[in-house]
Structure formats: structure tokens, C-alpha cells
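Take a look at the structure set out below.
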Amino acid sequence: QVQLVESGGGLVQPGGSLRLSCAASDFTLDYNTIGWFRHAPGNEREGVSCLRSSDGSTYYADSVKGRFTISRDNANNTVYLQMNSLKPEDTGLYYCAVDGAINPVQTMCVKGPFGSWGPGTQVTVSS
């Protein structure tokens with residue numbers, strides 16, 4: 001089973017940027033959908049952005065459209081989430097996940113399920 005490790009989280013002021021990385025032990029195209037999720041205190045876990053490898057389709061939650069970008073580096077077995085114009089409501093524990101299911105990317109991001117998860121990296125947006 002693939003091992004995932006997130007990094008790049010931290011404390012940033014509103015309006016700032018962070019780039020999260022998700023390093024995988026074995027990142028083949030068998031893991032068709034890659035996703036970034038976040039969990040803020042008092043809220044349910046939310047699918048932030050997902051990428052479907054088979055066709056390159058992407059999904060972004062309405063709350064992050066135009067500010068976040070998901071990308072994949074196959075050579076380095078890494079997935080990134082570039083986060084710009086960060087807001088306090090972006091605060092949370094961010095996880096990456098992968099799964100081999102061939103479902104529409106929005107369906108996967110909103111409903112899942114994802115079989116492999118990383119431990120998460122904390123993002124705090126505060127002045």
C-alpha cells in the first residue's frame with residue numbers, strides 16, 4: 001500500500017501563500033485519483049481539490065476556486081497544492097489521499113472513498 005507524507009504547512013498571514021507537498025512511496029497511475037482534504041475544528045472533513053490522472057480533470061471546492069492549484073510531479077512521486085490569497089477560514093489540518101477507483105473527480109472529492117491517507121500537515125492562517 002502506498003505511503004503518503006504531507007509537508008509544507010505552517011503559520012501564514014492572511015493573503016499569504018503556502019505550497020503543500022505530498023510525497024508518495026509509490027506513485028503509479030494505478031492511483032487514479034489524488035486529493036487534498038482539510039479538517040477544521042468543528043467542521044467535517046472537506047474535499048479541497050482532486051486530480052484524476054486518467055484524464056487530467058480537476059475539482060476544486062467553491063471556497064478555494066481561483067486561489068488553490070493542484071498539480072502532480074510523476075518523476076518525484078509528489079503531489080502539490082499551491083495555496084494563494086489564504087484566508088483565516090483556510091485554517092485546518094490538510095491531508096492528501098489517493099485511490100484507484102475510476103469515478104468522476106468531483107464524486108471522489110465530495111464523497112470518496114479514498115483508500116490511502118497521509119497523517120496531515122497543519123495550516124494556520126492568522127495575523
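Identifiers in the C-alpha cells: chain A, B, ... in order shown; residue index from 1 per chain; ligand index from 1 in order shown.
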
Determine, counting only C-alpha atoms, which protein, DNA and RNA residues have an atom within 10 Å of an atom of range 79-87 of chain A; residues of the same chain fewer than 2 positions away are not included. Present the result as a PyMOL selection string.
chain A and resi 4+6-8+12-24+27+34-36+48-51+64+66-74+76-77+89-91+94+96-97+123-126

Strand (DSSP E or B) positions in chain A, given as an MDAnalysis selection string
chainID A and resid 4:7 10:12 18:24 33:39 46:52 58:60 68:73 78:83 92:99 116:117 121:125

Picked from range 1-123 of chain A by DSSP as alpha helix (DSSP H), as number ranges by chain:
A: 105-111

Hey, can you check how far CA of Gly9 in chain A sits from CA of Asn103 in chain A?
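Distance reported for this atom pair: 28.9 Å.
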
For Gly47 in chain A, list every protein, DNA or RNA residue within 10 Å, evaluated using only C-alpha atoms, and leave out those in the same chain fewer than 6 positions away; present the list as a VMD selection string.
chain A and resid 35 to 39 59 to 61 94 to 96 106 108 to 112
